[in-house]
Amino acid sequence: MDFDLSPRSAQQLFEGEAGSYHTWSSSEFPLLAEEKVGAGRLVLQPRGFALPHYADSSKIGYVLQGSDGIVGMVLPNSSEEVVLRLKKGDVIPVPLGALSWWYNNGDHSEEVVVVFLGETSKAHIPGEITYFFLSGGQGIMGGFSTEFISRAYKMNEKEASKLAKSQTGILLIKLEPGIRMPHPNMEIVEKMVYNIDAALPDVDVRGGGVFKALTAARFPFLEEAGLSVNRVKLEANAMYSPSYTADGTFQVFYVARGSGRVQVVGIGGKRVLDTKIQAGQLLVLPRFFVVAQIADGEGMEFVSILPGKSRAVEEFASKKSVWNALSPIVSQVALSVTPEFEEFFKSNMQKSTILSPPTN
């Protein structure tokens with residue numbers, strides 16, 4: 001396996017007055033296709049509207065910015081539209097084949113920014129999320145002839161042409177002032193949206209940061225997307241200690257804020273990556289490779305996804321370390337150290353979590 005693991009920034013796919021959409025291309029980032037994972041970032045200006053669409057991949061949306069986002073969704077095998085309010089820190093699963101539209105309901109200058117991380121094993125292009133829009137310049141309605149549209153919707157060809165061709169916008173359009181979109185159903189929001197920023201941490205280390213793991217056990221709707229989510233906030237110069245996925249699945253990291261340094265060790269104990277990582281970049285970790293990150297002086301925050309209902313991550317340098325599970329004599333001979341040093345080594349880990357504050 002010989003891939004460039006360097007973190008990558010997204011490429012702009014579309015930009016207009018309503019906002020923009022950015023994506024990571026598997027042709028530029030081949031590891032996406034190898035691990036069957038895709039990502040994109042949606043930026044909506046006030047009154048920006050993402051036309052109704054579905055995709056060939058299940059994904060997780062994480063709201064990076066904004067307080068007036070609205071999403072409408074029709075789940076597969078459902079005839080009911082669910083409308084949800086979104087704000088910074090929200091996680092929203094988007095199951096495979098679900099129809100959705102997205103809107104910035106704000107009247108001021110604040111953007112709504114959502115990063116999508118998804119699993120692309122059923123995608124047309126492995127490593128990329130492909131969208132199918134119902135309407136617009138690249139919409140399904142306009143793809144059929146007026147004859148077929150008129151037959152399907154029981155109207156004459158002039159009416160069929162109006163139905164299929166009136167909307168000429170592509171991807172994102174800006175709505176006129178005064179248009180009122182459907183009101184969010186606040187009772188359903190709690191079942192389909194989870195604010196991970198506001199959740200209590202699973203790990204909270206003074207000077208180190210906070211770690212939060214979100215699985216279907218805590219948020220059942222996650223099961224619809226088949227993914228789990230981690231969110232990490234590292235304080236200045238703190239470390240996210242070495243870990244790997246033990247079930248043979250990928251892990252994807254998106255840096256939301258700050259910057260730091262990342263190292264990855266792979267096959268044969270080779271350090272395959274040692275570089276800087278910063279806000280807006282995506283890091284894909286191959287199966288079984290071990291990753292560790294150290295924040296710069298401003299700290300660093302990132303969100304990651306893993307496939308599956310539960311988190312299958314093994315830690316190397318904490319009280320949950322696989323080293324601590326080994327018998328003392330096994331560790332001694334494996335490391336070729338004295339019993340005293342082996343005891344010192346493991347006693348240090350007993351005081352540690354996956355987040356490590358800077359050493360003085």
# chains A, B, ... in the order shown; residues from 1 in each chain; ligands from 1
call {"tool": "residues_around", "arguments": {"residues": "stretch 300-305 of chain A", "least_positions_apart": "5", "cutoff": "10 Å", "atoms": "only C-alpha atoms", "output": "PyMOL selection string"}}
result
chain A and resi 37+59-60+62+115+117-119+196+209-214+227-239+250-261+277-284+293-295+311
call {"tool": "write_last_selection", "arguments": {"atoms": "C-alpha atoms", "output": "mmCIF file, in the first residue's frame"}}
result
data_model
loop_
_atom_site.group_PDB
_atom_site.id
_atom_site.type_symbol
_atom_site.label_atom_id
_atom_site.label_comp_id
_atom_site.auth_asym_id
_atom_site.auth_seq_id
_atom_site.Cartn_x
_atom_site.Cartn_y
_atom_site.Cartn_z
ATOM 1 C CA VAL A 37 -15.005 7.420 2.161
ATOM 2 C CA LYS A 59 -23.184 10.518 5.575
ATOM 3 C CA ILE A 60 -22.975 12.605 8.704
ATOM 4 C CA TYR A 62 -21.637 18.408 11.335
ATOM 5 C CA VAL A 115 -19.153 19.504 6.669
ATOM 6 C CA LEU A 117 -18.329 12.920 6.042
ATOM 7 C CA GLY A 118 -19.649 9.739 4.463
ATOM 8 C CA GLU A 119 -19.149 6.124 3.507
ATOM 9 C CA ILE A 196 -22.225 17.087 20.242
ATOM 10 C CA GLY A 209 -8.873 18.915 26.285
ATOM 11 C CA VAL A 210 -12.138 17.032 25.855
ATOM 12 C CA PHE A 211 -13.091 13.881 23.954
ATOM 13 C CA LYS A 212 -16.656 12.949 23.002
ATOM 14 C CA ALA A 213 -17.787 9.722 21.354
ATOM 15 C CA LEU A 214 -21.220 9.509 19.765
ATOM 16 C CA LEU A 227 -21.614 5.556 11.293
ATOM 17 C CA SER A 228 -20.294 6.782 14.636
ATOM 18 C CA VAL A 229 -18.749 10.163 15.453
ATOM 19 C CA ASN A 230 -15.909 11.439 17.635
ATOM 20 C CA ARG A 231 -15.241 15.059 18.506
ATOM 21 C CA VAL A 232 -11.951 16.155 20.041
ATOM 22 C CA LYS A 233 -10.911 19.540 21.382
ATOM 23 C CA LEU A 234 -7.197 19.754 22.199
ATOM 24 C CA GLU A 235 -5.861 22.539 24.359
ATOM 25 C CA ALA A 236 -2.640 24.337 23.400
ATOM 26 C CA ASN A 237 0.198 21.848 22.806
ATOM 27 C CA ALA A 238 -1.882 18.913 24.073
ATOM 28 C CA MET A 239 -1.717 15.464 22.474
ATOM 29 C CA PHE A 250 -11.226 3.519 8.116
ATOM 30 C CA GLN A 251 -11.201 6.660 10.229
ATOM 31 C CA VAL A 252 -11.568 10.160 8.796
ATOM 32 C CA PHE A 253 -10.612 13.388 10.582
ATOM 33 C CA TYR A 254 -11.765 16.892 9.641
ATOM 34 C CA VAL A 255 -10.014 19.759 11.402
ATOM 35 C CA ALA A 256 -12.647 22.304 12.371
ATOM 36 C CA ARG A 257 -10.395 24.852 14.097
ATOM 37 C CA GLY A 258 -6.762 25.435 14.949
ATOM 38 C CA SER A 259 -3.747 23.507 13.762
ATOM 39 C CA GLY A 260 -1.171 20.984 14.880
ATOM 40 C CA ARG A 261 1.136 18.196 13.862
ATOM 41 C CA ILE A 277 -2.436 19.791 9.780
ATOM 42 C CA GLN A 278 -4.749 22.807 9.922
ATOM 43 C CA ALA A 279 -8.364 23.956 9.886
ATOM 44 C CA GLY A 280 -10.292 22.896 6.787
ATOM 45 C CA GLN A 281 -8.115 19.879 6.031
ATOM 46 C CA LEU A 282 -9.163 16.241 5.818
ATOM 47 C CA LEU A 283 -7.044 13.324 7.046
ATOM 48 C CA VAL A 284 -7.882 9.739 6.067
ATOM 49 C CA GLN A 293 -1.716 14.409 16.899
ATOM 50 C CA ILE A 294 -0.259 17.333 18.871
ATOM 51 C CA ALA A 295 -1.956 20.731 18.816
ATOM 52 C CA ARG A 311 -16.412 2.721 18.471
#
call {"tool": "residues_around", "arguments": {"residues": "A:Gln332", "least_positions_apart": "5", "cutoff": "12 Å", "atoms": "only C-alpha atoms", "output": "ChimeraX atom specification"}}
result
/A:323-324,326-327,337-346
call {"tool": "closest_residue", "arguments": {"among": "A:Ser57, A:Thr275, A:Gln350, A:Ser20", "to": "A:Val94", "atoms": "only C-alpha atoms"}}
result
A:Ser57
call {"tool": "atom_distance", "arguments": {"atom1": "atom CA of A:Gly269", "atom2": "atom CA of A:Pro358"}}
result
25.2 Å
call {"tool": "atom_distance", "arguments": {"atom1": "atom CA of A:Ala198", "atom2": "atom CA of A:Ala217"}}
result
17.6 Å
call {"tool": "residues_around", "arguments": {"residues": "stretch 98-108 of chain A", "least_positions_apart": "3", "cutoff": "9 Å", "atoms": "only C-alpha atoms", "output": "number ranges by chain"}}
result
A: 44-55, 58, 66-76, 81, 94-95, 111-112, 177, 180-181
call {"tool": "residues_around", "arguments": {"residues": "A:Gly308", "least_positions_apart": "3", "cutoff": "9 Å", "atoms": "only C-alpha atoms", "output": "JSON, numbers by chain"}}
result
{"A": [215, 216, 223, 225, 226, 227, 228, 249, 311, 312]}
call {"tool": "write_last_selection", "arguments": {"atoms": "N, CA and C atoms", "output": "short mmCIF file (atom, residue, chain, number, x, y, z; two decimals), in the first residue's frame"}}
result
data_model
loop_
_atom_site.label_atom_id
_atom_site.label_comp_id
_atom_site.auth_asym_id
_atom_site.auth_seq_id
_atom_site.Cartn_x
_atom_site.Cartn_y
_atom_site.Cartn_z
N THR A 215 -22.26 7.34 19.54
CA THR A 215 -22.64 6.09 18.86
C THR A 215 -24.16 5.95 18.88
N ALA A 216 -24.64 4.90 18.22
CA ALA A 216 -26.08 4.67 18.15
C ALA A 216 -26.67 4.37 19.53
N GLU A 223 -27.77 5.03 13.73
CA GLU A 223 -27.77 3.70 13.14
C GLU A 223 -28.26 3.72 11.70
N ALA A 225 -27.48 5.79 9.45
CA ALA A 225 -26.35 6.11 8.57
C ALA A 225 -25.23 5.08 8.70
N GLY A 226 -25.28 4.23 9.73
CA GLY A 226 -24.25 3.21 9.90
C GLY A 226 -22.90 3.76 10.27
N LEU A 227 -22.87 4.90 10.96
CA LEU A 227 -21.61 5.56 11.29
C LEU A 227 -21.61 5.98 12.76
N SER A 228 -20.43 6.19 13.31
CA SER A 228 -20.29 6.78 14.64
C SER A 228 -19.37 7.99 14.53
N THR A 249 -11.56 -1.00 9.87
CA THR A 249 -12.30 0.05 9.17
C THR A 249 -11.47 1.34 9.12
N ARG A 311 -17.78 2.24 18.67
CA ARG A 311 -16.41 2.72 18.47
C ARG A 311 -15.42 1.59 18.76
N ALA A 312 -14.64 1.20 17.74
CA ALA A 312 -13.68 0.10 17.89
C ALA A 312 -12.26 0.66 17.75
#
call {"tool": "closest_residue", "arguments": {"among": "A:Ile179, A:Leu86, A:Phe14, A:Gly136", "to": "A:Lys162", "atoms": "only C-alpha atoms"}}
result
A:Gly136
call {"tool": "select_by_dssp", "arguments": {"residues": "stretch 7-173 of chain A", "states": "strand (DSSP E or B)", "output": "NGL selection string"}}
result
:A and (8-9 or 11-16 or 19-23 or 37-44 or 48-55 or 58-65 or 69-74 or 82-86 or 90-94 or 99-104 or 112-119 or 131-133 or 139 or 172-173)
call {"tool": "closest_residue", "arguments": {"among": "A:Thr120, A:Ser150, A:Ser145, A:Ser109", "to": "A:Ser26", "atoms": "only C-alpha atoms"}}
result
A:Thr120
call {"tool": "decode", "arguments": {"residues": "stretch 30-42 of chain A", "atoms": "all heavy atoms", "output": "mmCIF file, in the first residue's frame"}}
result
data_model
loop_
_atom_site.group_PDB
_atom_site.id
_atom_site.type_symbol
_atom_site.label_atom_id
_atom_site.label_comp_id
_atom_site.auth_asym_id
_atom_site.auth_seq_id
_atom_site.Cartn_x
_atom_site.Cartn_y
_atom_site.Cartn_z
ATOM 1 N N PRO A 30 -6.422 9.841 -3.818
ATOM 2 C CA PRO A 30 -6.787 8.450 -4.107
ATOM 3 C C PRO A 30 -7.136 7.609 -2.884
ATOM 4 O O PRO A 30 -7.868 6.620 -2.998
ATOM 5 C CB PRO A 30 -5.526 7.900 -4.802
ATOM 6 C CG PRO A 30 -4.847 9.103 -5.362
ATOM 7 C CD PRO A 30 -5.103 10.194 -4.381
ATOM 8 N N LEU A 31 -6.627 7.989 -1.714
ATOM 9 C CA LEU A 31 -6.919 7.220 -0.512
ATOM 10 C C LEU A 31 -8.412 7.212 -0.196
ATOM 11 O O LEU A 31 -8.921 6.268 0.422
ATOM 12 C CB LEU A 31 -6.123 7.774 0.670
ATOM 13 C CG LEU A 31 -6.133 6.947 1.962
ATOM 14 C CD1 LEU A 31 -5.619 5.544 1.706
ATOM 15 C CD2 LEU A 31 -5.315 7.630 3.036
ATOM 16 N N LEU A 32 -9.137 8.243 -0.623
ATOM 17 C CA LEU A 32 -10.580 8.275 -0.431
ATOM 18 C C LEU A 32 -11.243 7.080 -1.108
ATOM 19 O O LEU A 32 -12.114 6.420 -0.526
ATOM 20 C CB LEU A 32 -11.164 9.570 -0.989
ATOM 21 C CG LEU A 32 -10.815 10.875 -0.269
ATOM 22 C CD1 LEU A 32 -11.300 12.068 -1.088
ATOM 23 C CD2 LEU A 32 -11.440 10.908 1.116
ATOM 24 N N ALA A 33 -10.834 6.803 -2.340
ATOM 25 C CA ALA A 33 -11.395 5.674 -3.074
ATOM 26 C C ALA A 33 -10.977 4.345 -2.458
ATOM 27 O O ALA A 33 -11.774 3.403 -2.370
ATOM 28 C CB ALA A 33 -10.968 5.737 -4.538
ATOM 29 N N GLU A 34 -9.740 4.263 -2.012
ATOM 30 C CA GLU A 34 -9.240 3.028 -1.408
ATOM 31 C C GLU A 34 -10.025 2.687 -0.140
ATOM 32 O O GLU A 34 -10.386 1.524 0.082
ATOM 33 C CB GLU A 34 -7.757 3.192 -1.070
ATOM 34 C CG GLU A 34 -7.142 2.012 -0.328
ATOM 35 C CD GLU A 34 -7.023 0.754 -1.161
ATOM 36 O OE1 GLU A 34 -7.091 0.851 -2.406
ATOM 37 O OE2 GLU A 34 -6.874 -0.334 -0.569
ATOM 38 N N GLU A 35 -10.302 3.686 0.687
ATOM 39 C CA GLU A 35 -11.005 3.441 1.951
ATOM 40 C C GLU A 35 -12.523 3.634 1.828
ATOM 41 O O GLU A 35 -13.248 3.472 2.806
ATOM 42 C CB GLU A 35 -10.452 4.368 3.040
ATOM 43 C CG GLU A 35 -8.992 4.126 3.363
ATOM 44 C CD GLU A 35 -8.735 2.725 3.904
ATOM 45 O OE1 GLU A 35 -9.637 2.146 4.518
ATOM 46 O OE2 GLU A 35 -7.625 2.214 3.707
ATOM 47 N N LYS A 36 -12.972 4.003 0.618
ATOM 48 C CA LYS A 36 -14.408 4.171 0.341
ATOM 49 C C LYS A 36 -15.062 5.166 1.296
ATOM 50 O O LYS A 36 -16.056 4.878 1.973
ATOM 51 C CB LYS A 36 -15.114 2.817 0.376
ATOM 52 C CG LYS A 36 -14.628 1.856 -0.706
ATOM 53 C CD LYS A 36 -15.354 0.536 -0.647
ATOM 54 C CE LYS A 36 -14.937 -0.365 -1.804
ATOM 55 N NZ LYS A 36 -13.494 -0.657 -1.825
ATOM 56 N N VAL A 37 -14.486 6.346 1.324
ATOM 57 C CA VAL A 37 -15.005 7.420 2.161
ATOM 58 C C VAL A 37 -15.022 8.703 1.343
ATOM 59 O O VAL A 37 -14.180 8.906 0.457
ATOM 60 C CB VAL A 37 -14.149 7.587 3.440
ATOM 61 C CG1 VAL A 37 -12.722 7.940 3.090
ATOM 62 C CG2 VAL A 37 -14.724 8.631 4.368
ATOM 63 N N GLY A 38 -16.005 9.560 1.600
ATOM 64 C CA GLY A 38 -16.104 10.817 0.868
ATOM 65 C C GLY A 38 -16.428 11.960 1.807
ATOM 66 O O GLY A 38 -16.858 11.751 2.951
ATOM 67 N N ALA A 39 -16.240 13.179 1.321
ATOM 68 C CA ALA A 39 -16.480 14.352 2.166
ATOM 69 C C ALA A 39 -16.809 15.563 1.303
ATOM 70 O O ALA A 39 -16.415 15.648 0.141
ATOM 71 C CB ALA A 39 -15.255 14.637 3.039
ATOM 72 N N GLY A 40 -17.521 16.503 1.919
ATOM 73 C CA GLY A 40 -17.845 17.757 1.250
ATOM 74 C C GLY A 40 -18.154 18.815 2.297
ATOM 75 O O GLY A 40 -18.378 18.503 3.470
ATOM 76 N N ARG A 41 -18.165 20.071 1.880
ATOM 77 C CA ARG A 41 -18.463 21.174 2.792
ATOM 78 C C ARG A 41 -19.428 22.140 2.107
ATOM 79 O O ARG A 41 -19.159 22.635 1.012
ATOM 80 C CB ARG A 41 -17.188 21.910 3.220
ATOM 81 C CG ARG A 41 -17.443 22.965 4.308
ATOM 82 C CD ARG A 41 -16.142 23.567 4.839
ATOM 83 N NE ARG A 41 -15.405 24.280 3.815
ATOM 84 C CZ ARG A 41 -14.193 23.936 3.386
ATOM 85 N NH1 ARG A 41 -13.585 22.883 3.887
ATOM 86 N NH2 ARG A 41 -13.580 24.637 2.453
ATOM 87 N N LEU A 42 -20.553 22.396 2.766
ATOM 88 C CA LEU A 42 -21.596 23.271 2.247
ATOM 89 C C LEU A 42 -21.557 24.603 2.987
ATOM 90 O O LEU A 42 -21.542 24.631 4.216
ATOM 91 C CB LEU A 42 -22.966 22.612 2.434
ATOM 92 C CG LEU A 42 -24.203 23.451 2.109
ATOM 93 C CD1 LEU A 42 -24.272 23.754 0.620
ATOM 94 C CD2 LEU A 42 -25.473 22.729 2.578
#
